[in-house]
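Shown next, in structure tokens, is the structure this report addresses.
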Amino acid sequence: MTTTENKTMDICEIKSYLPHRYPLLLVDRVISYEEGKTITAIKNVTVNEEFFNGHFPHKPVMPGVLMIEAMAQTAALLSFKTMGIKPDESSVVYFVGIDGARFKRPVGPGDQLKMDIEILRVARGIWKYKAVGSVDGQVAVEAELMCTIRSSADASQPAAGQ
């Protein structure tokens, strides 16, 4: 009989991998992941989010850029788990590109944004992911994300291939 271990991460473990803190830590829990392949995480969206004060007071909507950021943070967790390392305070994950971003439905207070990230490839220090965020089974946002992981000492240097 074979069993597959369902790997999860709680908020304490997430914080040990990501430097982000309130109000920009946008991953609440990792439901499952498989190193080198996929990760599924959630962001519980509450009316107490700071950005709802201005976006928009009459109809609160999570900004699309923050949905993309939440998926990128989830992708960074998968990359670090895949590499088998915990970043130190000099590790920084940078966007290299965002392709095909589409916003299909608004995300608001009370929603749970479920983020499914798949590694498409890793080449020359650039990680490319397929990212999909959904609410109640409906796609809210999707994009291909490209990131690189750098030391802050190297942060002023261009990414590989630039």
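Residue numbering restarts at 1 for every chain of the structure tokens, chains are lettered A, B, ... in their displayed order, and ligands are numbered from 1 as they appear.
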Contacts of Lys128 in chain A at 9 Å or less, counting only C-alpha atoms, minus same-chain residues fewer than 6 places along, as an NGL selection string?
:A and (97 or 118-122 or 144-147)
Enumerate as a PyMOL selection string all residues of range 43-138 of chain A assigned to alpha helix (DSSP H) by DSSP on the backbone, naming them with the chain letters and numbers the document uses.
chain A and resi 64-83
Serialized selection, all heavy atoms, as a CSV table (one decimal), in the first residue's frame:
chain,number,residue,atom,x,y,z
A,64,GLY,N,-5.8,43.8,-7.8
A,64,GLY,CA,-5.2,42.7,-8.6
A,64,GLY,C,-3.7,42.6,-8.4
A,64,GLY,O,-3.2,41.4,-8.4
A,65,VAL,N,-3.0,43.6,-8.2
A,65,VAL,CA,-1.6,43.6,-8.0
A,65,VAL,C,-1.3,42.8,-6.7
A,65,VAL,O,-0.3,42.1,-6.6
A,65,VAL,CB,-0.9,45.0,-7.9
A,65,VAL,CG1,-1.5,45.8,-6.8
A,65,VAL,CG2,0.6,44.9,-7.9
A,66,LEU,N,-2.2,42.8,-5.7
A,66,LEU,CA,-2.0,42.1,-4.5
A,66,LEU,C,-2.3,40.6,-4.6
A,66,LEU,O,-1.7,39.7,-4.0
A,66,LEU,CB,-2.8,42.7,-3.3
A,66,LEU,CG,-2.3,44.1,-2.9
A,66,LEU,CD1,-3.1,44.6,-1.7
A,66,LEU,CD2,-0.8,44.0,-2.5
A,67,MET,N,-3.3,40.3,-5.5
A,67,MET,CA,-3.5,38.9,-5.8
A,67,MET,C,-2.3,38.3,-6.5
A,67,MET,O,-1.9,37.2,-6.2
A,67,MET,CB,-4.8,38.8,-6.7
A,67,MET,CG,-6.0,39.1,-6.0
A,67,MET,SD,-7.5,38.7,-7.0
A,67,MET,CE,-7.7,40.2,-7.9
A,68,ILE,N,-1.7,39.0,-7.4
A,68,ILE,CA,-0.5,38.6,-8.1
A,68,ILE,C,0.7,38.4,-7.1
A,68,ILE,O,1.4,37.4,-7.1
A,68,ILE,CB,0.0,39.5,-9.2
A,68,ILE,CG1,-1.1,39.6,-10.3
A,68,ILE,CG2,1.4,39.2,-9.7
A,68,ILE,CD1,-1.1,38.4,-11.2
A,69,GLU,N,0.8,39.3,-6.2
A,69,GLU,CA,1.8,39.3,-5.1
A,69,GLU,C,1.6,38.0,-4.2
A,69,GLU,O,2.5,37.3,-3.9
A,69,GLU,CB,1.8,40.5,-4.3
A,69,GLU,CG,2.7,40.5,-3.1
A,69,GLU,CD,4.2,40.4,-3.4
A,69,GLU,OE1,4.6,40.8,-4.5
A,69,GLU,OE2,5.0,39.9,-2.5
A,70,ALA,N,0.3,37.8,-3.9
A,70,ALA,CA,0.0,36.6,-3.0
A,70,ALA,C,0.5,35.3,-3.8
A,70,ALA,O,1.0,34.4,-3.1
A,70,ALA,CB,-1.4,36.5,-2.7
A,71,MET,N,0.2,35.2,-5.1
A,71,MET,CA,0.6,34.0,-5.8
A,71,MET,C,2.2,34.0,-5.9
A,71,MET,O,2.7,32.9,-5.8
A,71,MET,CB,0.0,34.0,-7.2
A,71,MET,CG,-1.5,33.9,-7.1
A,71,MET,SD,-2.4,33.6,-8.7
A,71,MET,CE,-1.8,34.9,-9.7
A,72,ALA,N,2.8,35.1,-6.0
A,72,ALA,CA,4.3,35.1,-6.1
A,72,ALA,C,4.9,34.7,-4.8
A,72,ALA,O,5.9,33.9,-4.7
A,72,ALA,CB,4.8,36.5,-6.5
A,73,GLN,N,4.3,35.1,-3.7
A,73,GLN,CA,4.8,34.6,-2.4
A,73,GLN,C,4.6,33.1,-2.2
A,73,GLN,O,5.5,32.4,-1.7
A,73,GLN,CB,4.0,35.3,-1.2
A,73,GLN,CG,4.4,36.8,-1.1
A,73,GLN,CD,3.7,37.5,0.0
A,73,GLN,OE1,3.1,36.9,0.9
A,73,GLN,NE2,3.7,38.9,-0.1
A,74,THR,N,3.5,32.6,-2.7
A,74,THR,CA,3.3,31.2,-2.7
A,74,THR,C,4.3,30.5,-3.6
A,74,THR,O,4.9,29.4,-3.2
A,74,THR,CB,1.8,30.8,-3.2
A,74,THR,OG1,0.9,31.5,-2.4
A,74,THR,CG2,1.6,29.4,-3.2
A,75,ALA,N,4.6,31.0,-4.8
A,75,ALA,CA,5.6,30.5,-5.6
A,75,ALA,C,7.0,30.5,-5.0
A,75,ALA,O,7.8,29.5,-5.1
A,75,ALA,CB,5.7,31.2,-7.0
A,76,ALA,N,7.3,31.5,-4.2
A,76,ALA,CA,8.6,31.6,-3.5
A,76,ALA,C,8.7,30.5,-2.5
A,76,ALA,O,9.8,29.8,-2.4
A,76,ALA,CB,8.8,33.0,-2.9
A,77,LEU,N,7.6,30.2,-1.8
A,77,LEU,CA,7.6,29.1,-0.8
A,77,LEU,C,8.0,27.8,-1.5
A,77,LEU,O,8.8,27.0,-1.0
A,77,LEU,CB,6.3,29.0,-0.1
A,77,LEU,CG,5.9,30.1,0.9
A,77,LEU,CD1,4.5,30.0,1.2
A,77,LEU,CD2,6.8,30.0,2.1
A,78,LEU,N,7.3,27.5,-2.7
A,78,LEU,CA,7.6,26.3,-3.4
A,78,LEU,C,9.1,26.3,-3.9
A,78,LEU,O,9.7,25.2,-3.8
A,78,LEU,CB,6.7,26.2,-4.7
A,78,LEU,CG,6.9,25.0,-5.6
A,78,LEU,CD1,6.7,23.7,-4.8
A,78,LEU,CD2,5.9,25.1,-6.7
A,79,SER,N,9.6,27.4,-4.3
A,79,SER,CA,11.0,27.4,-4.8
A,79,SER,C,12.0,27.1,-3.6
A,79,SER,O,12.9,26.2,-3.8
A,79,SER,CB,11.4,28.8,-5.4
A,79,SER,OG,10.6,29.0,-6.5
A,80,PHE,N,11.8,27.7,-2.5
A,80,PHE,CA,12.6,27.4,-1.3
A,80,PHE,C,12.5,25.9,-0.9
A,80,PHE,O,13.5,25.3,-0.6
A,80,PHE,CB,12.4,28.4,-0.2
A,80,PHE,CG,12.8,29.8,-0.4
A,80,PHE,CD1,12.0,30.8,-0.3
A,80,PHE,CD2,14.2,30.0,-0.8
A,80,PHE,CE1,12.4,32.1,-0.5
A,80,PHE,CE2,14.6,31.3,-1.0
A,80,PHE,CZ,13.7,32.4,-0.9
A,81,LYS,N,11.3,25.4,-0.9
A,81,LYS,CA,11.1,24.0,-0.5
A,81,LYS,C,11.8,23.1,-1.5
A,81,LYS,O,12.4,22.1,-1.2
A,81,LYS,CB,9.6,23.7,-0.4
A,81,LYS,CG,9.0,24.2,0.9
A,81,LYS,CD,9.5,23.5,2.1
A,81,LYS,CE,8.7,23.7,3.3
A,81,LYS,NZ,9.2,23.0,4.5
A,82,THR,N,11.7,23.4,-2.8
A,82,THR,CA,12.3,22.7,-3.9
A,82,THR,C,13.8,22.6,-3.7
A,82,THR,O,14.4,21.6,-3.9
A,82,THR,CB,11.8,23.2,-5.3
A,82,THR,OG1,10.4,23.0,-5.4
A,82,THR,CG2,12.5,22.5,-6.4
A,83,MET,N,14.4,23.8,-3.4
A,83,MET,CA,15.8,23.9,-3.3
A,83,MET,C,16.3,23.3,-2.0
A,83,MET,O,17.5,23.1,-1.8
A,83,MET,CB,16.3,25.3,-3.4
A,83,MET,CG,16.1,25.9,-4.8
A,83,MET,SD,16.8,27.6,-4.9
A,83,MET,CE,15.8,28.5,-3.7
Contact check, range 80-131 of chain A to range 135-142 of chain A, at most 7 Å, counting only C-alpha atoms, closest pairs as JSON lines:
{"residue": "A:Ala101", "atom": "CA", "partner": "A:Glu142", "partner_atom": "CA", "distance": 5.6}
{"residue": "A:Arg102", "atom": "CA", "partner": "A:Glu142", "partner_atom": "CA", "distance": 5.4}
{"residue": "A:Phe103", "atom": "CA", "partner": "A:Val141", "partner_atom": "CA", "distance": 4.5}
{"residue": "A:Lys104", "atom": "CA", "partner": "A:Ala140", "partner_atom": "CA", "distance": 4.7}
{"residue": "A:Arg105", "atom": "CA", "partner": "A:Ala140", "partner_atom": "CA", "distance": 4.6}
{"residue": "A:Pro106", "atom": "CA", "partner": "A:Ala140", "partner_atom": "CA", "distance": 6.5}
{"residue": "A:Asp111", "atom": "CA", "partner": "A:Val135", "partner_atom": "CA", "distance": 6.5}
{"residue": "A:Gln112", "atom": "CA", "partner": "A:Val135", "partner_atom": "CA", "distance": 5.9}
{"residue": "A:Leu113", "atom": "CA", "partner": "A:Val135", "partner_atom": "CA", "distance": 5.2}
{"residue": "A:Lys114", "atom": "CA", "partner": "A:Val135", "partner_atom": "CA", "distance": 6.3}
{"residue": "A:Ala131", "atom": "CA", "partner": "A:Glu142", "partner_atom": "CA", "distance": 5.6}
Quick one: pick out all strand (DSSP E) residues within range 42-157 of chain A from a backbone DSSP run and write them as JSON, numbers by chain.
{"A": [42, 43, 44, 91, 92, 93, 94, 95, 96, 97, 98, 99, 100, 101, 102, 103, 112, 113, 114, 115, 116, 117, 118, 119, 120, 121, 122, 123, 126, 127, 128, 129, 130, 131, 132, 133, 134, 135, 138, 139, 140, 141, 142, 143, 144, 145, 146, 147, 148, 149, 150, 151]}
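Distance check against Ser134 in chain A using only C-alpha atoms: of A:Lys43, A:Lys7, A:Arg29, A:Lys37, the minimum falls on A:Lys43.
Taking CA of Leu26 in chain A and CA of Ala41 in chain A as endpoints, the distance between them is 10.0 Å.
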In terms of the shortest atom-to-atom distance over only C-alpha atoms, which of A:Asp28, A:Ser151, A:Glu50, A:Met115 is closest to Tyr94 in chain A?
A:Ser151
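Distances here use only C-alpha atoms; by that measure, the residue among A:Tyr17, A:Gly84, A:Ser91, A:Ile11 closest to Gly36 in chain A is A:Gly84.
Going from CA of Asn6 in chain A to CA of Glu34 in chain A covers 8.6 Å.
Minimum atom-to-atom distance to Tyr22 in chain A, evaluated using only C-alpha atoms, belongs to A:Glu49 out of A:His58, A:Gly133, A:Asp99, A:Glu49.
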